[in-house]
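Shown next, in structure tokens, is the structure this report addresses.
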Amino acid sequence: MASPLSDLPPLSLKTVAVVGLGTMGSGIAEVLARAGREVIGIDVSQAAATKAVAALEASTARAVERERLSERERGDVLARFRTFTDLQAAAEADLVIEVAPESYEIKQQIFRALDRIVRPDTVLATGTNALSVTRLAADTEHPERVLGLHFFNPAPAMKLVEVVSTVLTGPAPAAAVTSLVSALGKDPVTAGDRPGFIADGLLFGYLNQAAAMYEANYASREDIDAAMKLGCGLPMGPLELLDLIGVDTARTVLEAMYQASHDRLHAPAPILKQLSEAGLTGRKSGRGFYSYEAAGSAAIVADALTPRQDAQGARGRTVESVGVAGSGTMASGIAEVFAKSGFTVVLAARSEEKAEKAKARIATSLQRSVDKGRLSAEKAAETLARITPSGSYDSFAEVDLAVEAIAEDLEIKQQLFSQLDKICKPGAVLATTTSSLPVVACARATSRPQDVIGMHFFNPAPAMKLVEVVRTVLTQEEVHTTVREVCARIRKHPVDCGDRAGFIVNALLFPYLNNAVKMLEEHYASLDDIDTAMKLGGGYPMGPFELLDVVGLDVSLAIERVLHAEFRDPGLAPAPLLEHLVAAGCLGRKTGRGFREYARR
């Protein structure tokens, strides 16, 4: 049988009904009305309808105050928004967007009723991000006109909209809705029908792992959130974001994702169930992972889990001189950081020439800071004078802290730590900057494992504020205190974690990147749409494929393999596409080709 849409001219979606006037529905209605569409707002609750009108009045009033709207334009916007409590009001709509609670039963009732009310050519869209659009469409009389239209909260501010076609969706409704989204000033991305679509499909797995990390007492909630904000440039930490989204909502989305994928990474962490069933659902209830001033407040208040600022612990050791082992970008960056903060620095490499080149790199970096007005010429000269290059690690004999920043190869690092054990004076702290290897393995290469700790700086070290402080089961508390005090002196933010693969940042970041690769190789969404979705929908400074190409596909694959070997979770196995690209020598920007191609320098 021919589709009722197949022989019609291109669809014109001038009148849009929004069913469900909660926060999201009201926001979508505002976007539509401001863009010149006639909007029919429908909610079973008159109070909700009244609140939606008040919200539009308030937001447009603010726009007039900021001179973004004239009074006349505001009047036109308000006139285009009409509210009703009866679904029959959708009869004149060209498009209906359903934004009801995440329940198949509720949504199916709405779609069955709309089948009897709207015209055969009216497009029906669901705003779900957790339920199957296909299942909802299949239960209607005209599944070819049903699709998903996933706005992000707050809808007026967020640019991303995911347009979700099912195997039943006709091309005309999909094209019409995509055009509408663009006309609204939003960025549409096309996704297939699976729970979470693109952005939430990647985001919620990451949030779930962060919740599990916290539940395992691996790191504090504050340190997990700080690590991801400072280490990845994210606007919010994962536990803060879970509280904003709603712990119960996250649990619902993850349950749906797990039912579709059977991937353990999507199985909701037990703490999400515990918090949800206790009514501790996040900001909206006043308490979730954090405690808030009041229900609905964004202001976090101290509670029993908040770290005490006046807590007394072991006293740290005196550190005035630092040895940095290595001659690469990371080693020179770390040496610059310490020298800028007044430490005497010995920069040692395998040869005098390599050490001199590393110091020259620091001189260039300091000059850039002078040219940009961030540093005086005098300060730059003083900083450089504090750095002594050396072609032998024997020059570490009197340093108080030795920081290893050599190749990410365990055997080579162990050899160096064995040397440092013999060279460094008693009481010197020995630190490794490894991002993926076991710190305890370096410690065991010495006769003083209690003095060994991880100090994972992020690249570029002078700019990045985060340092992951990694204690092994053998690290002395005094050593831990010393390193935290040193971090404060070099104006870095330390976060504490245990000695397991990936620490905090890489353990959360790389499974997310790996899942993005799997999404691409399954032809679920395009590379560009995935990158766009995560930047606009997740607030990431770079899309996953942009980031993979910058990090290096070989480096990323190595980290994925370490994580998989440590945790033995099938979901952490490196995506075959990543392995194939590395085998082909397509390593990202450094080779001119990775997931994208780049101009060769």
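Every chain in the structure tokens takes a letter, A first, then B, and so on in the order presented; its residues are numbered from 1, and the ligands are numbered from 1 following the presented order.
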
So that I can see what lies close to Asn129 in chain A, please list as a short mmCIF file (atom, residue, chain, number, x, y, z; two decimals) with N, CA and C atoms, in the first residue's frame the residues with an atom at most 10 Å from it, counting only C-alpha atoms and leaving out residues fewer than 4 positions away in the same chain.
data_model
loop_
_atom_site.label_atom_id
_atom_site.label_comp_id
_atom_site.auth_asym_id
_atom_site.auth_seq_id
_atom_site.Cartn_x
_atom_site.Cartn_y
_atom_site.Cartn_z
N GLU A 102 9.12 9.25 30.07
CA GLU A 102 9.76 8.13 29.40
C GLU A 102 9.09 6.81 29.78
N VAL A 133 12.24 4.16 19.17
CA VAL A 133 11.35 4.89 18.26
C VAL A 133 10.64 3.90 17.34
N GLY A 148 12.13 10.17 15.48
CA GLY A 148 12.58 10.75 16.74
C GLY A 148 13.14 12.14 16.51
N LEU A 149 12.88 13.03 17.44
CA LEU A 149 13.38 14.40 17.37
C LEU A 149 13.87 14.76 18.76
N HIS A 150 15.18 14.56 18.98
CA HIS A 150 15.73 14.68 20.32
C HIS A 150 16.44 16.01 20.51
N PHE A 151 15.75 16.94 21.17
CA PHE A 151 16.36 18.21 21.57
C PHE A 151 17.15 17.98 22.86
N PHE A 152 18.05 18.93 23.15
CA PHE A 152 18.84 18.86 24.38
C PHE A 152 18.46 20.00 25.30
N GLU A 162 19.04 15.76 17.45
CA GLU A 162 19.24 14.47 16.78
C GLU A 162 17.95 14.08 16.07
N VAL A 164 16.07 11.15 14.30
CA VAL A 164 16.21 9.69 14.38
C VAL A 164 15.20 9.02 13.46
N ASP A 193 18.15 4.29 15.17
CA ASP A 193 17.31 4.10 16.35
C ASP A 193 17.92 3.07 17.30
N ARG A 194 18.66 3.59 18.27
CA ARG A 194 19.05 2.75 19.39
C ARG A 194 19.13 3.64 20.61
N PRO A 195 18.93 3.09 21.81
CA PRO A 195 18.84 3.93 23.01
C PRO A 195 20.02 4.87 23.17
N GLY A 196 19.71 6.13 23.45
CA GLY A 196 20.74 7.13 23.64
C GLY A 196 21.16 7.82 22.36
N PHE A 197 20.78 7.23 21.20
CA PHE A 197 21.15 7.80 19.91
C PHE A 197 22.66 8.05 19.87
N ILE A 198 23.11 9.25 19.49
CA ILE A 198 24.56 9.47 19.42
C ILE A 198 25.10 10.02 20.73
N ALA A 199 24.70 11.24 21.07
CA ALA A 199 25.31 11.94 22.21
C ALA A 199 25.11 11.18 23.52
N ASP A 200 23.86 10.87 23.84
CA ASP A 200 23.60 10.16 25.09
C ASP A 200 24.13 8.74 25.04
N GLY A 201 24.14 8.14 23.83
CA GLY A 201 24.67 6.79 23.69
C GLY A 201 26.12 6.71 24.11
N THR A 252 17.30 5.06 33.99
CA THR A 252 16.33 4.62 32.98
C THR A 252 16.99 4.50 31.61
N VAL A 253 17.78 5.52 31.24
CA VAL A 253 18.46 5.50 29.95
C VAL A 253 19.44 4.33 29.87
N ALA A 256 17.75 0.98 29.37
CA ALA A 256 17.34 0.79 27.97
C ALA A 256 18.55 0.48 27.09
#

- Identify all residues of range 522-570 of chain A in helix (DSSP H, G or I) (DSSP on the backbone) and supply them as number ranges by chain. A: 527-538, 544-551, 553-567, 570

Take the selection from the previous step and output its residues with C-alpha atoms, as a PDB file, in the first residue's frame.
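result-v5.pdb, written as the output of this step:
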ATOM      1  CA  LEU A 527      32.069  10.578  11.689  1.00  0.00           C
ATOM      2  CA  ASP A 528      31.126  14.252  11.347  1.00  0.00           C
ATOM      3  CA  ASP A 529      27.728  13.785  13.019  1.00  0.00           C
ATOM      4  CA  ILE A 530      29.298  11.949  15.963  1.00  0.00           C
ATOM      5  CA  ASP A 531      31.876  14.714  16.462  1.00  0.00           C
ATOM      6  CA  THR A 532      29.206  17.405  16.139  1.00  0.00           C
ATOM      7  CA  ALA A 533      26.876  15.614  18.550  1.00  0.00           C
ATOM      8  CA  MET A 534      29.488  15.375  21.292  1.00  0.00           C
ATOM      9  CA  LYS A 535      30.643  18.968  20.932  1.00  0.00           C
ATOM     10  CA  LEU A 536      27.169  20.481  20.825  1.00  0.00           C
ATOM     11  CA  GLY A 537      25.293  17.946  22.950  1.00  0.00           C
ATOM     12  CA  GLY A 538      27.961  16.950  25.458  1.00  0.00           C
ATOM     13  CA  PRO A 544      35.976  11.954  19.711  1.00  0.00           C
ATOM     14  CA  PHE A 545      37.546  11.510  16.251  1.00  0.00           C
ATOM     15  CA  GLU A 546      39.201  14.918  16.340  1.00  0.00           C
ATOM     16  CA  LEU A 547      40.672  13.986  19.716  1.00  0.00           C
ATOM     17  CA  LEU A 548      41.792  10.516  18.619  1.00  0.00           C
ATOM     18  CA  ASP A 549      43.656  12.017  15.669  1.00  0.00           C
ATOM     19  CA  VAL A 550      45.366  14.535  17.966  1.00  0.00           C
ATOM     20  CA  VAL A 551      46.330  11.987  20.642  1.00  0.00           C
ATOM     21  CA  LEU A 553      45.702   6.296  17.135  1.00  0.00           C
ATOM     22  CA  ASP A 554      48.684   4.174  18.172  1.00  0.00           C
ATOM     23  CA  VAL A 555      48.798   5.815  21.611  1.00  0.00           C
ATOM     24  CA  SER A 556      45.034   5.410  21.972  1.00  0.00           C
ATOM     25  CA  LEU A 557      45.172   1.750  20.980  1.00  0.00           C
ATOM     26  CA  ALA A 558      47.952   1.082  23.495  1.00  0.00           C
ATOM     27  CA  ILE A 559      45.879   2.626  26.307  1.00  0.00           C
ATOM     28  CA  GLU A 560      42.778   0.669  25.236  1.00  0.00           C
ATOM     29  CA  ARG A 561      44.784  -2.560  25.355  1.00  0.00           C
ATOM     30  CA  VAL A 562      46.092  -1.771  28.836  1.00  0.00           C
ATOM     31  CA  LEU A 563      42.561  -1.045  30.104  1.00  0.00           C
ATOM     32  CA  HIS A 564      41.202  -4.231  28.539  1.00  0.00           C
ATOM     33  CA  ALA A 565      44.028  -6.325  29.985  1.00  0.00           C
ATOM     34  CA  GLU A 566      43.524  -4.850  33.464  1.00  0.00           C
ATOM     35  CA  PHE A 567      39.735  -5.040  33.766  1.00  0.00           C
ATOM     36  CA  PRO A 570      34.712  -7.395  26.796  1.00  0.00           C
TER      37      PRO A 570
END

- Message: When DSSP is applied to the backbone of this structure, which of range 84-139 of chain A are assigned strand (DSSP E or B)? Write them out as an NGL selection string.
- Response: :A and (84 or 95-98 or 123-126)

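What separates CA of Ala183 in chain A from CA of Thr23 in chain A is a distance of 22.1 Å.
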
- Using only C-alpha atoms, find the one residue out of A:Thr481, A:Ser59, A:Ser45, A:Gln209 that sits nearest to Tyr512 in chain A. A:Gln209

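Counting only C-alpha atoms and comparing A:Leu234, A:Ala428, A:Leu202, A:Val517, the residue that lies closest to Glu398 in chain A is A:Ala428.
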
- Message: Need to verify the contact set: Lys273 in chain A, 12 Å, only C-alpha atoms, exclusion of same-chain residues closer than 5 positions in sequence. Can you return it as a list in words?
- Response: Asn208, Ala211, Ala212, Glu215, Gly246, Val247, Asp248, Thr249, Ala250, Arg251, Thr252, Leu254, Glu255, Ala267, Pro268, Ala278, Gly279, Leu280, Thr281 and Gly288 of chain A

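You can rank A:Val473, A:Met519, A:Arg34, A:Phe457 by their closest distance to Gly75 in chain A using only C-alpha atoms, and at the top of that list sits A:Arg34.
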
- Message: Neighbouring residues of Glu353 in chain A were defined as those with any atom within 10 Å, considering only C-alpha atoms; residues of the same chain fewer than 2 positions away were excluded. Please report them as a list in words.
- Response: Ser327, Ala349, Arg350, Ser351, Ala355, Glu356, Lys357, Ala358, Lys359, Pro389, Ser390 and Gly391 of chain A

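Ranking A:Ile28, A:Ala79, A:Ile40, A:Ala47 by their shortest atom-to-atom distance to Glu92 in chain A, with only C-alpha atoms included, puts A:Ile40 first.
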
- Neighbours of Val39 in chain A within 9 Å (only C-alpha atoms; same-chain residues fewer than 4 positions away dropped), as a ChimeraX atom specification? /A:14-18,29-30,32-33,80-83,93

- Item | Ala314 in chain A surroundings by only C-alpha atoms, 12 Å radius, close-in-sequence under 5 positions cut, as a ChimeraX atom specification | /A:476-485

Pull C-alpha atoms from the residues just selected and write them as a PDB file, in the first residue's frame.
ATOM      1  CA  GLN A 476      54.230   6.146  52.462  1.00  0.00           C
ATOM      2  CA  GLU A 477      51.675   8.759  53.565  1.00  0.00           C
ATOM      3  CA  GLU A 478      54.467  11.289  54.092  1.00  0.00           C
ATOM      4  CA  VAL A 479      55.430  10.927  50.412  1.00  0.00           C
ATOM      5  CA  HIS A 480      51.837  11.449  49.331  1.00  0.00           C
ATOM      6  CA  THR A 481      51.603  14.602  51.444  1.00  0.00           C
ATOM      7  CA  THR A 482      54.889  15.867  50.008  1.00  0.00           C
ATOM      8  CA  VAL A 483      53.663  15.542  46.428  1.00  0.00           C
ATOM      9  CA  ARG A 484      50.351  17.265  47.178  1.00  0.00           C
ATOM     10  CA  GLU A 485      52.248  20.143  48.801  1.00  0.00           C
TER      11      GLU A 485
END

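Among the candidate residues A:Gly328, A:Gly333, A:Gly231, A:Gly192, the one lying nearest to Tyr524 in chain A is A:Gly192, with distances computed using only C-alpha atoms.
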
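Nearest to Val322 in chain A of all the residues A:Leu430, A:Lys354, A:Leu275, A:Arg283 is A:Leu430, counting only C-alpha atoms.
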
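Rounded to one decimal, CA of Tyr104 in chain A and CA of Pro143 in chain A lie 15.6 Å from each other.
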
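Note that CA of Val319 in chain A and CA of Thr344 in chain A are 9.7 Å apart.
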
- Message: At a cut-off of 12 Å, using only C-alpha atoms, what residues contact Ala175 in chain A? Leave out same-chain residues fewer than 2 positions from it and give the result as an MDAnalysis selection string.
- Response: chainID A and resid 10:13 123 145 147 163:165 169:173 177:182 188:190
